[in-house]
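> To be precise about what I am sending: the file is called coords-v7.txt and holds compact mmCIF, C-alpha atoms.
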# COMPACT_ATOMS: atom_id res chain seq x y z
CA MET A 1485 -37.33 -17.82 -35.00
CA LYS A 1486 -36.94 -14.13 -34.35
CA ARG A 1487 -38.96 -14.46 -31.18
CA TYR A 1488 -36.78 -17.31 -29.91
CA LEU A 1489 -33.74 -15.18 -30.49
CA ALA A 1490 -35.33 -12.32 -28.57
CA ILE A 1491 -36.10 -14.63 -25.68
CA ALA A 1492 -32.59 -16.05 -25.76
CA LEU A 1493 -31.14 -12.54 -25.68
CA ALA A 1494 -33.43 -11.52 -22.84
CA LEU A 1495 -32.36 -14.60 -20.90
CA ALA A 1496 -28.71 -13.90 -21.56
CA ALA A 1497 -29.16 -10.34 -20.33
CA ALA A 1498 -30.74 -11.68 -17.16
CA LEU A 1499 -27.63 -13.68 -16.24
CA PRO A 1500 -25.58 -11.87 -13.64
CA THR A 1501 -22.33 -12.09 -15.61
CA ALA A 1502 -23.91 -10.35 -18.58
CA ALA A 1503 -24.20 -7.17 -16.55
CA PHE A 1504 -20.41 -7.06 -16.43
CA ALA A 1505 -19.66 -8.15 -19.97
CA HIS A 1506 -17.39 -5.16 -20.19
CA LYS A 1507 -14.88 -4.46 -17.51
CA ALA A 1508 -15.50 -1.44 -15.30
CA TRP A 1509 -12.51 -0.04 -13.46
CA LEU A 1510 -10.89 2.78 -11.56
CA LEU A 1511 -7.21 3.30 -12.23
CA PRO A 1512 -5.28 5.39 -9.68
CA SER A 1513 -2.06 7.08 -10.79
CA GLN A 1514 -0.31 5.39 -7.88
CA THR A 1515 -1.35 3.48 -4.78
CA VAL A 1516 1.61 3.91 -2.43
CA VAL A 1517 2.12 7.59 -1.78
CA ALA A 1518 4.22 9.86 0.45
CA GLY A 1519 4.48 13.61 1.02
CA ASP A 1520 2.74 16.42 2.86
CA ALA A 1521 -0.52 16.65 0.94
CA PRO A 1522 0.11 14.83 -2.34
CA TRP A 1523 -2.39 14.50 -5.19
CA ILE A 1524 -3.32 11.45 -7.14
CA THR A 1525 -5.40 11.30 -10.28
CA VAL A 1526 -7.84 8.53 -11.13
CA ASP A 1527 -9.11 7.30 -14.50
CA ALA A 1528 -12.53 5.65 -14.62
CA ALA A 1529 -13.71 3.67 -17.61
CA VAL A 1530 -15.53 0.61 -18.91
CA SER A 1531 -13.66 -1.40 -21.53
CA ASN A 1532 -12.77 -4.86 -22.76
CA ASP A 1533 -9.02 -4.34 -22.50
CA LEU A 1534 -7.19 -3.58 -19.27
CA PHE A 1535 -6.48 -0.78 -18.65
CA TYR A 1536 -7.25 1.01 -21.92
CA PHE A 1537 -9.98 3.51 -22.66
CA ASN A 1538 -11.78 2.20 -25.70
CA HIS A 1539 -15.46 1.74 -24.90
CA VAL A 1540 -17.34 4.11 -22.58
CA PRO A 1541 -16.44 6.25 -19.57
CA LEU A 1542 -17.45 5.20 -16.07
CA ARG A 1543 -19.93 7.83 -14.86
CA LEU A 1544 -18.77 9.80 -11.85
CA ASP A 1545 -22.23 10.44 -10.32
CA ASN A 1546 -21.70 7.93 -7.53
CA VAL A 1547 -17.97 8.29 -6.89
CA ALA A 1548 -17.12 8.38 -3.21
CA VAL A 1549 -13.71 8.80 -1.63
CA VAL A 1550 -13.39 7.83 2.03
CA ALA A 1551 -10.43 9.15 4.05
CA PRO A 1552 -8.51 7.11 6.65
CA ASP A 1553 -10.62 8.67 9.43
CA GLY A 1554 -13.86 7.64 7.69
CA SER A 1555 -14.78 11.12 6.47
CA LYS A 1556 -15.76 11.86 2.88
CA VAL A 1557 -13.24 13.56 0.59
CA GLU A 1558 -14.38 15.78 -2.27
CA THR A 1559 -12.94 14.84 -5.65
CA ARG A 1560 -11.56 17.64 -7.81
CA ASN A 1561 -11.28 18.40 -11.53
CA GLY A 1562 -13.80 15.72 -12.46
CA ALA A 1563 -14.44 15.38 -16.17
CA THR A 1564 -16.08 12.82 -18.39
CA GLY A 1565 -14.88 12.40 -21.94
CA LYS A 1566 -15.77 10.09 -24.78
CA TYR A 1567 -13.87 7.11 -23.42
CA ARG A 1568 -13.03 7.83 -19.83
CA SER A 1569 -13.74 9.93 -16.78
CA VAL A 1570 -10.99 11.43 -14.66
CA PHE A 1571 -10.77 13.11 -11.26
CA ASP A 1572 -8.14 14.18 -8.74
CA VAL A 1573 -7.93 13.44 -5.03
CA GLN A 1574 -5.73 15.19 -2.49
CA LEU A 1575 -4.46 12.98 0.30
CA GLN A 1576 -4.30 15.14 3.43
CA GLN A 1577 -4.35 12.33 5.97
CA GLU A 1578 -1.97 9.51 6.78
CA GLY A 1579 -3.37 6.07 6.04
CA THR A 1580 -5.54 4.24 3.52
CA TYR A 1581 -8.19 5.84 1.30
CA ARG A 1582 -10.98 3.95 -0.42
CA ILE A 1583 -12.08 5.25 -3.80
CA GLY A 1584 -15.23 3.67 -5.09
CA VAL A 1585 -18.33 3.83 -7.22
CA THR A 1586 -21.38 2.10 -5.75
CA ASN A 1587 -24.38 1.76 -8.01
CA HIS A 1588 -27.74 0.65 -6.66
CA TYR A 1589 -30.17 0.31 -9.54
CA VAL A 1590 -33.57 -1.08 -10.26
CA VAL A 1591 -34.01 -2.53 -13.75
CA ALA A 1592 -37.44 -3.16 -15.24
CA ARG A 1593 -38.36 -4.95 -18.45
CA TRP A 1594 -41.78 -5.23 -20.01
CA GLU A 1595 -43.60 -5.51 -23.31
CA GLN A 1596 -45.45 -2.62 -24.85
CA ASP A 1597 -47.06 -2.67 -28.29
CA GLY A 1598 -45.07 -5.76 -29.18
CA GLU A 1599 -41.78 -4.13 -28.22
CA ARG A 1600 -39.47 -4.99 -25.37
CA LYS A 1601 -38.95 -2.02 -23.07
CA ARG A 1602 -36.08 -1.60 -20.63
CA TRP A 1603 -35.87 0.93 -17.85
CA ARG A 1604 -33.13 1.62 -15.33
CA GLY A 1605 -33.58 3.81 -12.27
CA THR A 1606 -33.84 3.66 -8.54
CA ALA A 1607 -36.55 2.62 -6.07
CA GLU A 1608 -37.47 6.33 -5.82
CA THR A 1609 -38.02 6.77 -9.56
CA PHE A 1610 -39.76 3.42 -10.09
CA SER A 1611 -43.09 5.24 -10.59
CA GLU A 1612 -41.83 6.03 -14.15
CA VAL A 1613 -42.56 2.41 -15.04
CA PRO A 1614 -46.17 2.12 -16.30
CA LYS A 1615 -48.44 0.55 -13.69
CA ASP A 1616 -50.14 -1.65 -16.30
CA ALA A 1617 -46.88 -2.83 -17.92
CA LYS A 1618 -47.32 -6.29 -19.46
CA GLY A 1619 -44.97 -9.09 -18.51
CA LEU A 1620 -43.13 -6.81 -16.11
CA GLU A 1621 -39.86 -8.19 -14.74
CA VAL A 1622 -38.01 -6.20 -12.13
CA SER A 1623 -34.57 -6.81 -10.74
CA GLU A 1624 -32.26 -4.89 -8.45
CA SER A 1625 -28.54 -4.51 -8.84
CA VAL A 1626 -25.91 -3.45 -6.32
CA SER A 1627 -22.43 -3.16 -7.75
CA ARG A 1628 -19.16 -1.75 -6.49
CA VAL A 1629 -16.04 -0.66 -8.34
CA GLN A 1630 -13.23 0.15 -5.93
CA THR A 1631 -9.55 0.85 -5.50
CA PHE A 1632 -7.33 1.68 -2.54
CA VAL A 1633 -4.55 4.23 -2.06
CA THR A 1634 -2.30 4.64 0.98
CA LYS A 1635 -0.28 7.61 2.13
CA GLY A 1636 2.33 6.54 4.68
CA THR A 1637 1.32 3.69 6.97
CA PRO A 1638 -1.51 1.45 5.72
CA SER A 1639 -4.64 1.67 7.91
CA ASP A 1640 -7.82 -0.40 8.20
CA THR A 1641 -10.75 1.96 8.80
CA VAL A 1642 -11.91 2.16 5.17
CA LEU A 1643 -11.63 -1.63 4.75
CA LYS A 1644 -14.57 -2.25 7.09
CA PRO A 1645 -17.57 -3.44 5.06
CA ASP A 1646 -20.88 -1.55 4.94
CA GLY A 1647 -22.81 -4.81 5.21
CA VAL A 1648 -24.86 -4.17 2.05
CA GLY A 1649 -24.44 -6.23 -1.10
CA LEU A 1650 -21.23 -7.86 -2.25
CA GLU A 1651 -18.07 -6.56 -0.61
CA LEU A 1652 -14.39 -7.42 -0.44
CA VAL A 1653 -12.87 -7.57 3.03
CA PRO A 1654 -9.10 -7.68 2.68
CA VAL A 1655 -7.22 -9.95 5.06
CA THR A 1656 -3.96 -8.94 3.38
CA HIS A 1657 -3.90 -5.15 3.12
CA PRO A 1658 -4.73 -4.08 -0.49
CA ASN A 1659 -1.75 -1.68 -0.53
CA ASP A 1660 0.69 -4.29 0.74
CA LEU A 1661 0.75 -6.60 -2.27
CA TYR A 1662 4.05 -7.80 -3.73
CA ALA A 1663 5.06 -10.03 -6.63
CA GLY A 1664 5.62 -13.65 -5.62
CA GLU A 1665 3.67 -13.29 -2.38
CA GLU A 1666 0.25 -14.67 -1.49
CA ALA A 1667 -2.64 -12.42 -0.52
CA THR A 1668 -5.87 -13.43 1.22
CA PHE A 1669 -9.25 -11.73 0.78
CA ARG A 1670 -12.75 -12.42 2.03
CA LEU A 1671 -15.99 -11.80 0.15
CA GLN A 1672 -19.19 -10.99 1.96
CA VAL A 1673 -22.82 -10.63 0.96
CA ASP A 1674 -24.77 -8.41 3.34
CA GLY A 1675 -21.98 -8.78 5.89
CA LYS A 1676 -21.92 -12.58 5.82
CA PRO A 1677 -19.11 -14.71 4.30
CA ALA A 1678 -19.98 -15.70 0.72
CA ALA A 1679 -18.85 -19.26 -0.07
CA GLY A 1680 -18.43 -20.70 -3.56
CA LEU A 1681 -18.05 -17.38 -5.39
CA GLU A 1682 -15.87 -17.45 -8.47
CA ILE A 1683 -13.28 -14.71 -8.77
CA GLU A 1684 -11.41 -13.61 -11.84
CA VAL A 1685 -8.13 -11.69 -11.58
CA VAL A 1686 -6.51 -10.19 -14.69
CA ARG A 1687 -3.29 -8.21 -14.89
CA GLY A 1688 -3.33 -5.00 -16.95
CA GLY A 1689 -1.56 -4.64 -20.27
CA THR A 1690 -3.80 -7.15 -22.05
CA ARG A 1691 -3.28 -5.31 -25.34
CA TYR A 1692 0.30 -6.49 -25.49
CA ARG A 1693 -0.24 -10.19 -24.98
CA ASN A 1694 -2.22 -12.94 -26.65
CA ALA A 1695 -4.12 -14.30 -23.67
CA GLN A 1696 -6.02 -12.86 -20.73
CA ASP A 1697 -3.82 -14.94 -18.39
CA GLU A 1698 -6.62 -14.72 -15.85
CA ILE A 1699 -6.21 -16.17 -12.38
CA LYS A 1700 -9.30 -18.03 -11.16
CA ALA A 1701 -10.19 -18.52 -7.53
CA THR A 1702 -13.22 -19.71 -5.57
CA THR A 1703 -14.15 -18.65 -2.06
CA ASP A 1704 -14.06 -21.31 0.66
CA ALA A 1705 -16.59 -21.84 3.47
CA ASN A 1706 -15.30 -18.68 5.19
CA GLY A 1707 -15.75 -16.66 2.02
CA GLU A 1708 -11.97 -16.49 1.67
CA PHE A 1709 -9.75 -16.90 -1.35
CA ARG A 1710 -6.03 -16.56 -1.99
CA VAL A 1711 -4.06 -15.16 -4.89
CA THR A 1712 -0.32 -15.51 -5.46
CA TRP A 1713 0.78 -12.61 -7.61
CA PRO A 1714 2.91 -13.89 -10.51
CA GLU A 1715 4.41 -10.49 -11.23
CA ALA A 1716 4.13 -6.80 -10.46
CA GLY A 1717 1.42 -4.74 -12.11
CA MET A 1718 -2.09 -3.33 -11.85
CA TYR A 1719 -4.62 -6.15 -11.44
CA TRP A 1720 -8.37 -6.16 -12.04
CA LEU A 1721 -10.38 -8.37 -9.70
CA GLU A 1722 -14.01 -9.20 -10.41
CA THR A 1723 -16.76 -11.38 -9.01
CA SER A 1724 -20.55 -11.44 -9.16
CA THR A 1725 -23.50 -13.36 -7.86
CA SER A 1726 -27.24 -13.03 -7.49
CA ASP A 1727 -29.92 -13.80 -4.91
CA ASP A 1728 -33.54 -13.00 -4.10
CA LYS A 1729 -32.93 -10.61 -1.18
CA VAL A 1730 -34.69 -7.73 -2.86
CA SER A 1731 -35.70 -4.51 -1.14
CA MET A 1732 -38.81 -3.75 -3.19
CA PRO A 1733 -41.82 -6.07 -3.61
CA GLN A 1734 -41.93 -5.85 -7.44
CA ALA A 1735 -38.38 -7.21 -7.80
CA LYS A 1736 -37.65 -10.92 -7.97
CA GLN A 1737 -33.90 -10.98 -8.28
CA ARG A 1738 -30.96 -9.04 -6.89
CA ARG A 1739 -27.70 -8.98 -8.85
CA LEU A 1740 -24.50 -8.26 -6.99
CA GLY A 1741 -21.16 -7.26 -8.49
CA TYR A 1742 -17.76 -6.33 -7.17
CA VAL A 1743 -14.66 -5.02 -8.93
CA ALA A 1744 -11.35 -3.87 -7.46
CA THR A 1745 -8.17 -2.53 -9.04
CA LEU A 1746 -5.14 -3.62 -7.03
CA GLU A 1747 -1.53 -2.66 -7.51
CA VAL A 1748 1.10 -5.33 -6.98
CA LEU A 1749 4.60 -3.93 -6.47
CA PRO A 1750 7.89 -5.53 -7.43
CA GLN A 1751 10.14 -6.90 -4.68
CA MET B 1410 45.91 15.63 42.27
CA ARG B 1411 47.28 15.77 38.81
CA VAL B 1412 47.92 12.07 38.78
CA GLN B 1413 44.37 11.36 39.90
CA LEU B 1414 42.94 13.51 37.12
CA THR B 1415 45.00 11.70 34.51
CA ILE B 1416 43.78 8.38 35.79
CA ALA B 1417 40.20 9.57 35.70
CA LEU B 1418 40.62 10.86 32.15
CA SER B 1419 42.31 7.75 30.88
CA GLY B 1420 39.47 5.77 32.36
CA LEU B 1421 37.03 7.79 30.25
CA LEU B 1422 39.14 7.54 27.16
CA ALA B 1423 39.57 3.83 27.57
CA MET B 1424 35.84 3.17 27.53
CA PRO B 1425 35.24 3.41 23.78
CA ALA B 1426 37.98 0.83 23.25
CA TYR B 1427 35.61 -1.80 24.62
CA ALA B 1428 32.84 -0.77 22.23
CA ALA B 1429 32.61 -2.66 18.95
CA GLN B 1430 32.87 -0.67 15.73
CA PHE B 1431 30.32 -1.16 12.96
CA GLU B 1432 31.47 0.42 9.72
CA VAL B 1433 29.49 0.55 6.52
CA ASP B 1434 31.14 1.74 3.31
CA VAL B 1435 28.80 2.72 0.52
CA GLN B 1436 30.11 3.53 -2.93
CA ILE B 1437 27.93 5.61 -5.22
CA PRO B 1438 29.20 5.07 -8.76
CA GLN B 1439 29.95 7.84 -11.22
CA MET B 1440 27.53 7.87 -14.15
CA ARG B 1441 27.90 9.10 -17.67
CA VAL B 1442 24.30 10.00 -18.36
CA ALA B 1443 22.57 12.97 -19.94
CA GLU B 1444 20.45 13.69 -16.89
CA TYR B 1445 21.99 12.87 -13.53
CA HIS B 1446 20.39 13.16 -10.13
CA ARG B 1447 21.98 11.90 -6.95
CA PRO B 1448 20.36 8.68 -5.79
CA TYR B 1449 18.12 8.26 -2.81
CA VAL B 1450 19.87 5.74 -0.53
CA ALA B 1451 18.62 3.79 2.48
CA VAL B 1452 20.86 1.75 4.80
CA TRP B 1453 19.12 -0.43 7.35
CA ILE B 1454 19.34 -3.67 9.32
CA GLU B 1455 16.86 -6.52 8.94
CA GLY B 1456 16.25 -9.32 11.40
CA ALA B 1457 14.34 -12.56 10.91
CA GLY B 1458 11.47 -12.43 8.41
CA ASN B 1459 12.84 -9.31 6.68
CA LYS B 1460 11.72 -7.20 9.63
CA ALA B 1461 13.50 -3.85 9.74
CA VAL B 1462 15.10 -3.47 13.17
CA ALA B 1463 17.30 -0.38 12.70
CA ASP B 1464 17.48 2.48 10.21
CA LEU B 1465 21.11 3.56 9.86
CA ALA B 1466 20.89 6.17 7.13
CA VAL B 1467 18.44 7.55 4.57
CA TRP B 1468 19.58 10.14 2.07
CA TYR B 1469 16.94 12.00 0.11
CA GLN B 1470 16.24 15.46 -1.20
CA ASP B 1471 15.29 17.32 1.94
CA LYS B 1472 15.17 20.77 0.35
CA ASP B 1473 11.84 22.53 0.26
CA THR B 1474 9.89 21.78 -2.87
CA LYS B 1475 6.31 22.40 -3.90
CA GLU B 1476 5.64 18.72 -3.45
CA GLY B 1477 6.98 18.70 0.08
CA HIS B 1478 10.61 18.07 0.90
CA GLY B 1479 11.26 15.40 -1.73
CA THR B 1480 9.47 12.89 0.47
CA LYS B 1481 7.10 12.30 -2.45
CA TRP B 1482 9.65 10.00 -4.06
CA LEU B 1483 10.67 8.06 -0.96
CA PRO B 1484 8.38 5.10 -1.78
CA ASP B 1485 10.69 4.51 -4.77
CA LEU B 1486 13.09 3.07 -2.17
CA ARG B 1487 10.44 0.46 -2.25
CA GLN B 1488 11.82 -2.25 0.07
CA TRP B 1489 12.87 0.30 2.66
CA TRP B 1490 9.52 2.07 2.31
CA ARG B 1491 7.68 -1.20 2.93
CA ARG B 1492 9.88 -2.38 5.79
CA SER B 1493 10.31 0.91 7.63
CA GLY B 1494 9.85 4.21 5.80
CA ARG B 1495 6.09 4.26 5.60
CA THR B 1496 5.75 4.07 9.38
CA LEU B 1497 8.21 6.90 10.11
CA ASP B 1498 7.62 10.54 10.87
CA LEU B 1499 10.21 12.20 8.63
CA PRO B 1500 12.82 13.57 8.95
CA VAL B 1501 14.44 11.36 11.60
CA ASP B 1502 17.31 12.82 13.64
CA GLY B 1503 20.58 11.01 13.11
CA VAL B 1504 19.15 8.93 10.26
CA THR B 1505 17.89 11.08 7.41
CA GLY B 1506 20.07 13.52 5.54
CA PRO B 1507 20.60 15.07 2.13
CA THR B 1508 21.56 13.06 -0.95
CA ARG B 1509 25.30 12.49 -1.47
CA PRO B 1510 27.47 12.74 -4.57
CA ALA B 1511 29.23 9.90 -6.37
CA GLY B 1512 32.13 8.55 -4.33
CA GLU B 1513 32.87 6.58 -1.19
CA HIS B 1514 30.86 7.22 1.93
CA ALA B 1515 31.89 5.71 5.26
CA LEU B 1516 29.32 5.37 8.03
CA ASP B 1517 30.69 4.57 11.46
CA PHE B 1518 28.60 3.31 14.32
CA SER B 1519 29.61 2.26 17.78
CA SER B 1520 27.98 -0.66 19.58
CA SER B 1521 26.89 1.90 22.15
CA ASP B 1522 24.67 3.48 19.47
CA PRO B 1523 21.12 2.89 20.77
CA ARG B 1524 20.12 1.32 17.45
CA LEU B 1525 22.81 -1.36 17.73
CA LYS B 1526 22.65 -1.66 21.51
CA LYS B 1527 19.01 -2.74 21.43
CA LEU B 1528 19.64 -5.60 18.97
CA ALA B 1529 19.10 -9.01 20.55
CA PRO B 1530 21.93 -11.50 19.86
CA GLY B 1531 21.31 -13.21 16.53
CA ASN B 1532 21.72 -13.14 12.76
CA TYR B 1533 21.00 -9.96 10.85
CA THR B 1534 21.29 -8.54 7.36
CA LEU B 1535 22.63 -5.16 6.40
CA VAL B 1536 20.56 -3.83 3.48
CA VAL B 1537 21.53 -0.96 1.18
CA GLU B 1538 19.00 0.24 -1.39
CA ALA B 1539 19.57 2.99 -3.94
CA VAL B 1540 17.20 4.50 -6.47
CA ARG B 1541 17.89 7.32 -8.89
CA GLU B 1542 15.45 9.70 -10.58
CA VAL B 1543 15.16 8.75 -14.28
CA GLY B 1544 17.59 5.95 -13.46
CA GLY B 1545 17.39 2.51 -11.89
CA ARG B 1546 17.21 0.83 -8.53
CA GLU B 1547 19.52 -1.61 -6.80
CA LEU B 1548 19.47 -3.43 -3.50
CA LEU B 1549 22.40 -5.19 -1.82
CA LYS B 1550 22.51 -7.36 1.30
CA ILE B 1551 25.33 -8.40 3.64
CA PRO B 1552 24.59 -10.89 6.45
CA PHE B 1553 26.26 -10.58 9.85
CA THR B 1554 26.01 -11.84 13.41
CA TRP B 1555 25.47 -9.54 16.37
CA PRO B 1556 27.06 -8.97 18.80
CA ALA B 1557 30.41 -9.67 17.20
CA THR B 1558 32.80 -11.86 19.13
CA ALA B 1559 35.36 -11.96 16.32
CA PRO B 1560 36.05 -9.47 13.52
CA GLN B 1561 33.56 -9.79 10.66
CA SER B 1562 33.59 -8.33 7.21
CA GLY B 1563 31.32 -8.66 4.24
CA LYS B 1564 31.17 -7.20 0.77
CA ALA B 1565 28.54 -6.88 -1.94
CA GLN B 1566 29.19 -5.58 -5.42
CA GLY B 1567 26.56 -3.47 -7.12
CA GLU B 1568 26.22 -3.40 -10.88
CA THR B 1569 24.18 -0.32 -11.65
CA GLU B 1570 23.15 2.14 -8.96
CA LEU B 1571 25.63 1.03 -6.29
CA GLY B 1572 29.36 0.30 -6.35
CA THR B 1573 30.97 -1.76 -3.61
CA VAL B 1574 29.17 -1.91 -0.31
CA ALA B 1575 31.28 -3.21 2.59
CA LEU B 1576 30.59 -4.00 6.23
CA THR B 1577 33.40 -4.23 8.76
CA ILE B 1578 32.71 -5.11 12.38
CA THR B 1579 35.54 -4.84 14.90
CA PRO B 1580 34.71 -6.20 18.36
Would you put the structure from the file into C-alpha cells?

Amino acid sequence: MKRYLAIALALAAALPTAAFAHKAWLLPSQTVVAGDAPWITVDAAVSNDLFYFNHVPLRLDNVAVVAPDGSKVETRNGATGKYRSVFDVQLQQEGTYRIGVTNHYVVARWEQDGERKRWRGTAETFSEVPKDAKGLEVSESVSRVQTFVTKGTPSDTVLKPDGVGLELVPVTHPNDLYAGEEATFRLQVDGKPAAGLEIEVVRGGTRYRNAQDEIKATTDANGEFRVTWPEAGMYWLETSTSDDKVSMPQAKQRRLGYVATLEVLPQ
Amino acid sequence: MRVQLTIALSGLLAMPAYAAQFEVDVQIPQMRVAEYHRPYVAVWIEGAGNKAVADLAVWYQDKDTKEGHGTKWLPDLRQWWRRSGRTLDLPVDGVTGPTRPAGEHALDFSSSDPRLKKLAPGNYTLVVEAVREVGGRELLKIPFTWPATAPQSGKAQGETELGTVALTITP
C-alpha cells in the first residue's frame, strides 16, 4: 500500500503542472513609468495567493533585466527574505524593459538503499548523480517568470523571443493593456507556434474574494490566444507543457513553463 | 501716403476676423481637504478611434525635483498618457506649463493655430482630464465638428476634480 502511494506521488510529481503547484511571480511596483531616470522595485515570490508573500521567496540567482536597446541592466539592492526577494531597477532608457527569471534545470530521480533520491542541478553538474544509480529517471525543465515595464513609449525589442523553450510573444503590447479591451498573445515552443496550450489567467487580490475567478484560454493553430480584461489590476498568466526535445542523452522528458505578471490599467 | 498705410494696416488687422475662434474654459474646483495639491490637467483633441490629434494644454509640476521635473506622475493622467503623453519629448513649447490654481481658466486658440489648421474636416472630441495628488481623477468630453461653419458650443459638468468645462467655437 505504502509503495503504491509512493509510486502515485512520484507519478504526480512527474506531471508538468505539478512543477508549478505554487505560483511563482515577479511583481513590479509599477509598469507604466515616466521621468528622467526613475526607479522601480520588484518583489519576487512563490505563493498560493496572488500577490501575497506567504510561502517561499523566488531566488534571484537567474534574474535578468533587459533594457529597450537589448543590453543587460544590473539590478540593485537585491535581498532575499523568508517569504520574498526584492530588487530595484533604474530605468535609464526610453522604451520597454523585460524583467525575468529563466531557470534551466536537470532533475534526476533514482532509488538508493530502498530510498527515493531526488537531485536538481544543471547539465554541467550532472556528474554529481551516481553513475550506477538504480532506476534513474532524468528530466529537463526550462521555465520562465517574466514581467514588463515601460518608460515613455512602448517598444518591441525585448519582446522578441529567444527561440528556446516556452515563450510568450505579445501581439498586443504587454504595457498597453486596459480594462474592457481584448489583448492577443502568441505562445511559442523553440520559436514555433504552440497550438492547444491551456492558459490560466488570475487577477491579484485573491485573498479578498472567495473564488480564483480564473480566465481560461487555449492557443489556436497559430499559437495565439485572446483575453478580454474584465477589470483593472495585476494579472498572473501561466501555462506549461512538456515534450521529449531534451538536450542531454540521459533525459527522457523536457518540461516547459511560462509565467507573466501583467498590469491592466483602468480606462 | 498716409491713406495707403492705413489701408495696408487695416488689411492686416482685418485678417484675424476671418479666423475661427476656439475657446476652452476649464474650471478647477475649490476643495476643502486637509492636503491640497493643484491638479495635473491635460486638454487635447481626439479624432476617430480615440486617436489624439492635438495637444492643447498640459499643466504639471515643472519645477526641478529629485525625481525629475514632476514628470514622474504624468502617467496618472492615464488616458492622455496613453493617447499622447508617452510619445512626447517633454516639455512641449506652447503646450506644457505649470499647474494652475482653483478657478476659471480660459484657453483661446485661433483656427490659424497649426494644431487646429492641420485638422482634416470631420468630427472630433475635446477631452479634458484632471488628476490630483492624494485626490481623484476625472475626464470630460465635448464633441464638435471642424471646421466650424456655424457657431458651436458644448458643456460638460465635472463632479469631483473638474468644474464646468465649456467649448465655444466662433467661425
> Using all atoms listed in the file, which of A:Pro1522, A:Gly1619, A:Gly1689, A:Pro1714 sits nearest chain B?
A:Pro1522
> Find the residues of chain B that sit at most 9 Å from chain A; for each, write down the nearest two atoms and how far apart they are in Å, to one decimal. Count all atoms listed in the file. Sort by chain, then by number going up, and give it as a Markdown table.

| residue | atom | partner | partner_atom | distance |
| --- | --- | --- | --- | --- |
| B:Glu1476 | CA | A:Pro1522 | CA | 6.9 |
| B:Gly1477 | CA | A:Asp1520 | CA | 5.6 |
| B:His1478 | CA | A:Gly1519 | CA | 7.6 |
| B:Gly1479 | CA | A:Gly1519 | CA | 7.5 |
| B:Thr1480 | CA | A:Gly1519 | CA | 5.1 |
| B:Lys1481 | CA | A:Gly1519 | CA | 4.5 |
| B:Trp1482 | CA | A:Ala1518 | CA | 7.1 |
| B:Leu1483 | CA | A:Ala1518 | CA | 6.8 |
| B:Pro1484 | CA | A:Ala1518 | CA | 6.7 |
| B:Arg1487 | CA | A:Gln1751 | CA | 7.8 |
| B:Gln1488 | CA | A:Gln1751 | CA | 6.9 |
| B:Trp1490 | CA | A:Gly1636 | CA | 8.8 |
| B:Arg1491 | CA | A:Asp1660 | CA | 8.0 |
| B:Gly1494 | CA | A:Gly1636 | CA | 8.0 |
| B:Arg1495 | CA | A:Gly1636 | CA | 4.5 |
| B:Thr1496 | CA | A:Thr1637 | CA | 5.1 |
| B:Leu1497 | CA | A:Gly1636 | CA | 8.0 |
> Calculate how many Å separate atom CA of Leu1535 of chain B from atom CA of Trp1453 of chain B, rounding to one decimal.
6.0 Å
> May I ask for the distance between atom CA of Pro1560 of chain B and atom CA of Ala1529 of chain B, given in Å to one decimal place?
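Spanning atom CA of Pro1560 of chain B to atom CA of Ala1529 of chain B is a straight-line distance of 18.4 Å.
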> Per residue of segment 1457-1512 of chain B within 12 Å of segment 1520-1523 of chain B, record the nearest atom pair and its distance in Å to one decimal, counting all atoms listed in the file, with rows in chain order and ascending residue number, as JSON lines.

{"residue": "B:Val1462", "atom": "CA", "partner": "B:Pro1523", "partner_atom": "CA", "distance": 11.6}
{"residue": "B:Ala1463", "atom": "CA", "partner": "B:Pro1523", "partner_atom": "CA", "distance": 9.5}
{"residue": "B:Asp1464", "atom": "CA", "partner": "B:Pro1523", "partner_atom": "CA", "distance": 11.2}
{"residue": "B:Leu1465", "atom": "CA", "partner": "B:Asp1522", "partner_atom": "CA", "distance": 10.2}
{"residue": "B:Gly1503", "atom": "CA", "partner": "B:Asp1522", "partner_atom": "CA", "distance": 10.7}
